[in-house]
Structure formats: C-alpha cells, structure tokens
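Reading through the structure tokens given below for one structure.
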Amino acid sequence: MIQIEGLRKAYHSRGRTVLAVDGVDLEVRQGEVYGVLGRSGAGKSTLLRCVNLLERPDAGSVTVDGVDLTALPERRLRRQRQRIGMIHQHFALLSSRTAAGNVAFPLEVMGVPRRERAQRVAELLDLVGLGDRAHAYPAQLSGGQKQRVGIARALAGRPTVLLSDEATSALDPETTTSILDLLRDLSQRLGLTILLITHEMEVVKRICDSAAVMREGRVIEAGRVRDLLARPGSALGQEIFRLGTPPDLPDTTIVDVTLTDDAVGQSFVADLVRRYDVDASILAGTIETLADGQVGRLRIALPGSAEANAAPLRHLRDAGLSVEVAR
Amino acid sequence: MTPMTWAEIQPLLWQASIETGYMVAVSSALTAVGGLLLGVLLVLTGRGGLLATRPVNLVLGILINIGRSLPFIILLVAIIPFTRALVGTTIGTEAAIVPLTVAAIPFFARIVETAIREVDRDVIAAARAMGASRTEIVFKVLLREARPGLVAGLTITVIALIGYSAMAGTVGGGGLGDLAIRYGYQRFENTVMVATVVLLVVFVQLIQSLGDLIVRWLSRK
C-alpha cells in the first residue's frame, strides 16, 4: 500500500547540513498498522512528512496505493493528498471552527456540496463517538476529544491510508489507550492502512502489526512485531523486554528465553527441572500483550557451564523457544 | 476678547467631529484593505512562506520600514506631489486622507504580519495535507485563524489614525485636533480645548471597547 524506496532528505541551516532521513526503504502492506519507532531527532517525523510530500525528499520515491507521488505535478498531488488522511500530535484543528466545521474543511476542499457535506460530517463525528459535540469549539474539548475530531477530519475523504504523527504523545495514558483502540478498530472496520510514528513503546505494543526502528535517519530493523521480538538481539526486543544486563554469577549459565503465543502459559521451566534435574531459577522476566497475541522473555539461571547445560538448552530450542545465552 | 459661548462652540465641535470621523473612517477602510494585502504578501514571501521569494520580501520590508520611520508630520509634507496627483488638491479633508492612509498601511501591515505568523504551523501543514490550495490556505486558514489578532490590530491602527488626524489640520483637513490647536491653543479658548479632549477620549474609548468586544466574540479560546 505504501512503498518507500531510497528516501533521503537533508536540512540545511546556518551552513550545516543535517541528514534527517538517510536512505530509508519501507513497505507497508494493505490493511496493516505499521509503527516507526525512534527517539526525537531520529528522522521519523521527516520520514512521515515525506509520505504525503509535505516535505519533498531529496532522493527516492514514495508510492501510495500504486501512485508514485514524487512524480506528480502540484495539482494532482493535492488531489492525491485528499486520499491520504493525517493526524497530528497537537491535533492541528482550526480554533475558529467548531468540531463539525473542522471535519467539514477537507470536504470543502474536495468540493463536496453543502448538503452532502453536513450529512457526511454527522456520520464521521458519530464514527469517532463525538456526535453530541458537533458544535463545540476545540477550546471546549479535551485532548482526547480533539484527537477524535482530528481522526474524523482525516477520514473525511475516505482515505485508504492514514498517517499518524505522534497522535497520542500529548495525551494521558488512559486517553492514549482509547485513541489507540479507536485507530485499531477503524483500521479493521474500514480496511485502513495506518503508518504511524511514535516514541512510545506502548503504541507499538498495543496496535502495530509491523514496526521499524529508526536511529539517526536510518531504519535499523523492520518487520512484523512478533518476528522482531522473537529474534535475539533485536533492538525492539531490548526496548520491550527491559531485563537489564545479566548478573555475573560464578559457574552459572544465564539464558534469555523468548516465548511467543503458544509457549506463554506452558510449563517449560518445570518441565526442564523435572527432566534434567537442574535447579533452574528465574532471574527476570516479562510477558507483554501485543495487538495480536502475547510474547514474553524470561531470564533463567542454570547451574554449570554452557557446555554442561547443552542438553537442557537443546530441549528448550526443540520446544520451539528462542534461546540466547546471555552469559 | 470674551470667551466663546457654548452656543458658538457646539457647531464647531459638531463640524470637527464629522471631519475627524470622515477622515478616520475612510483612511481606516483603505488601510484595512492595503495593510491586509501587504501583510499577507509579507508572510507569504517570507522565509518558510507559501510563496517564499527573498527579493520580493526584502523590497516589501524596506518599503514598509521607510513608511514606518517617517514622522507623520514630515510624511504629510513629503508626499504632497503624490497627494496632488491622486486627489487633485493638497488642502482639505480629502487631501488629508492620502497621507493618513499612506502612513497607516505599513503600520497595519506589520501588525497583520505578526498576527498571521501566530497561526499554528501545524494547522497550515494539516491544511496542506488535506490537499488545500494556497488560496484556500490564505483565506480559510491564515486570515480566518488570525481574525482576533487582525481585529485587535485594526483597533490600534484606527486609534493611531485619530491621533495622526490631529495633524491633518496643517493641510486644512480640519477635525478635532485642528480645532483644539486653532481655538483651544492659539486663541486660549479653554472650553474648546477641554471639550475636544473629552470628545477624543470618548471616541478612543468607544473604538477600543468595540474592538475588544469583537475580538472576544471571535476568539473562542
């Protein structure tokens, strides 16, 4: 649905050049929620603004729904943008218009006749659960309500793609959850493809099917969230499972075991103890609930060297677990 | 010489008020249009603007600064040839409107520029993301969102124009300021002096209150 190839964008300020996006390739499949995770300054915001060409990339191409946007002249680009919704961290609502007026704005731009517009606005506000606040001004709405107006506005043109620029970063945890659930729900009901950028792990955990981690303008890993987490050494995995550095225990093997769906809830530790008679002890662990299932990582200490523990380790691997010797 | 009676003063005050009202109203209307145009152009051609063109922006900025740096009384005299070319005369109320407008446009243009720059950049980006054209962004986003600031700025400009109009007496423009100088000051008619001052205060007060009212109605923040 979205193909980004060889994207590059530099900024020049006071004689210095900053490479904000340094050769990024990204592929977002139809109907998935794709999260780009990174700290501020990693280039993710620039990347997102390049997708609807709010920023013109220096090199590379952006294809959305089969149309190469980088090749379009201004007028056709504007028309194409109407098919790409966007929501913003600080909502970006017109303060001089009511909630309904804000949702009507893109419809006016598209040239939808007045009567049809009113009907569509009512529909959209109902869709985001704000049917009763149509005549409120942004200043009279809470942060969560403002973002709902932003979402309704972004959906006005019946887009196939929704871009989200840190949409929940200005919201409290509870409101964040409700907005994320709304986005997830909309993506499923409307078959919407969502590309979001965030610095919040919670967002990736809660709604993303796939994710990319950005650092200094580059994507350092990308793929389905569950695949990334199951992979030892994954940056995303380290962010989600904060187990810290393994302790230095004499004559002990410390292993990190990553569990996906099937393994969660299985008694593999007890199994190990029974079968190999080892005093396995759990040092640290976490189990996370993702958009499509559970994953966890356990840090287990086994007495003896790694060689001595070869059999139990093989057993774990055979059981379909991803096992990494941490020390 | 006996002081003037109230019956003599009243028609003078009435006449002068009408002259002031006329000069200020016409020059304010012209300033509103001219200043808005210039201010918008200033923002659009400025750094990061929708029509960023540095040379145009530079020239506009210099022209505005020249207009802003001339004291009104000097500008009044300096542009006499321009005034004559435009309205055919250099004396009277019409002749006063020209320098008043010329002085107020750059003043208001800067205020317009500041008011428009206050509009949230995110909102402009959002409008672009929705496929809005430049014209739509100027009229539906910039001018609309800046309305409270624009009205507050216009109020300041109108009040400044009342002040400038007092000097229009030097070209026979008439008005309250002129009355205060010719009768109140030069002929020691204290009653006239006090009456014009009171009237001016009332006018300014009324305009400010009206401006504030509109601003409050426009800004629902």
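Ordering of the structure tokens sets the chain letters (A, B, ...); residue numbers start at 1 within each chain; ligands are numbered from 1 in the order shown.
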task = Check every residue of chain B for an atom within 10 Å of chain A, counting only C-alpha atoms, and provide those that qualify as a ChimeraX atom specification.
result = /B:119-133,136-137,140-142,144-148,218-221
Go ahead and save the residues from that selection, with C-alpha atoms, as a CSV table (one decimal), in the first residue's frame.
```
chain,number,residue,atom,x,y,z
B,119,VAL,CA,-1.2,30.9,13.3
B,120,ASP,CA,-0.1,27.4,14.3
B,121,ARG,CA,2.3,25.9,11.7
B,122,ASP,CA,0.8,22.5,12.3
B,123,VAL,CA,-2.6,23.8,11.2
B,124,ILE,CA,-1.1,25.1,8.0
B,125,ALA,CA,0.7,21.7,7.5
B,126,ALA,CA,-2.6,19.9,8.2
B,127,ALA,CA,-4.4,22.0,5.6
B,128,ARG,CA,-1.7,21.2,3.0
B,129,ALA,CA,-2.0,17.5,3.9
B,130,MET,CA,-5.7,17.8,3.2
B,131,GLY,CA,-5.0,19.0,-0.3
B,132,ALA,CA,-5.9,22.6,0.2
B,133,SER,CA,-4.5,25.1,-2.4
B,136,GLU,CA,-7.6,28.2,0.3
B,137,ILE,CA,-4.9,28.3,2.9
B,140,LYS,CA,-9.7,29.7,5.0
B,141,VAL,CA,-6.8,29.2,7.4
B,142,LEU,CA,-4.4,32.1,7.7
B,144,ARG,CA,-9.6,33.2,9.4
B,145,GLU,CA,-7.4,31.9,12.2
B,146,ALA,CA,-5.7,35.3,12.7
B,147,ARG,CA,-9.0,37.2,12.9
B,148,PRO,CA,-8.8,38.1,16.6
B,218,LEU,CA,-14.0,36.0,17.6
B,219,SER,CA,-11.6,34.2,19.9
B,220,ARG,CA,-13.2,31.2,21.5
B,221,LYS,CA,-10.1,30.0,23.2
```
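Residue neighbourhood of stretch 33-37 of chain A, excluding near-sequence residues (fewer than 2 positions): Val28, Gly31, Arg39, Lys44, Arg184, Ser187, Thr193, Ile194, Leu195, Leu196, Ile197, Thr198, His199, Glu200, Met201, Val203, Val204, Ile207, Cys208, Asp209, Ser210, Ala211, Ala212, Val213 and Met214 of chain A, at 8 Å, using only C-alpha atoms.
Checking A:Ala308, A:Leu313, A:Ala230, A:Ile300 one by one against A:Val255, counting only C-alpha atoms, you find the shortest gap at A:Ile300.
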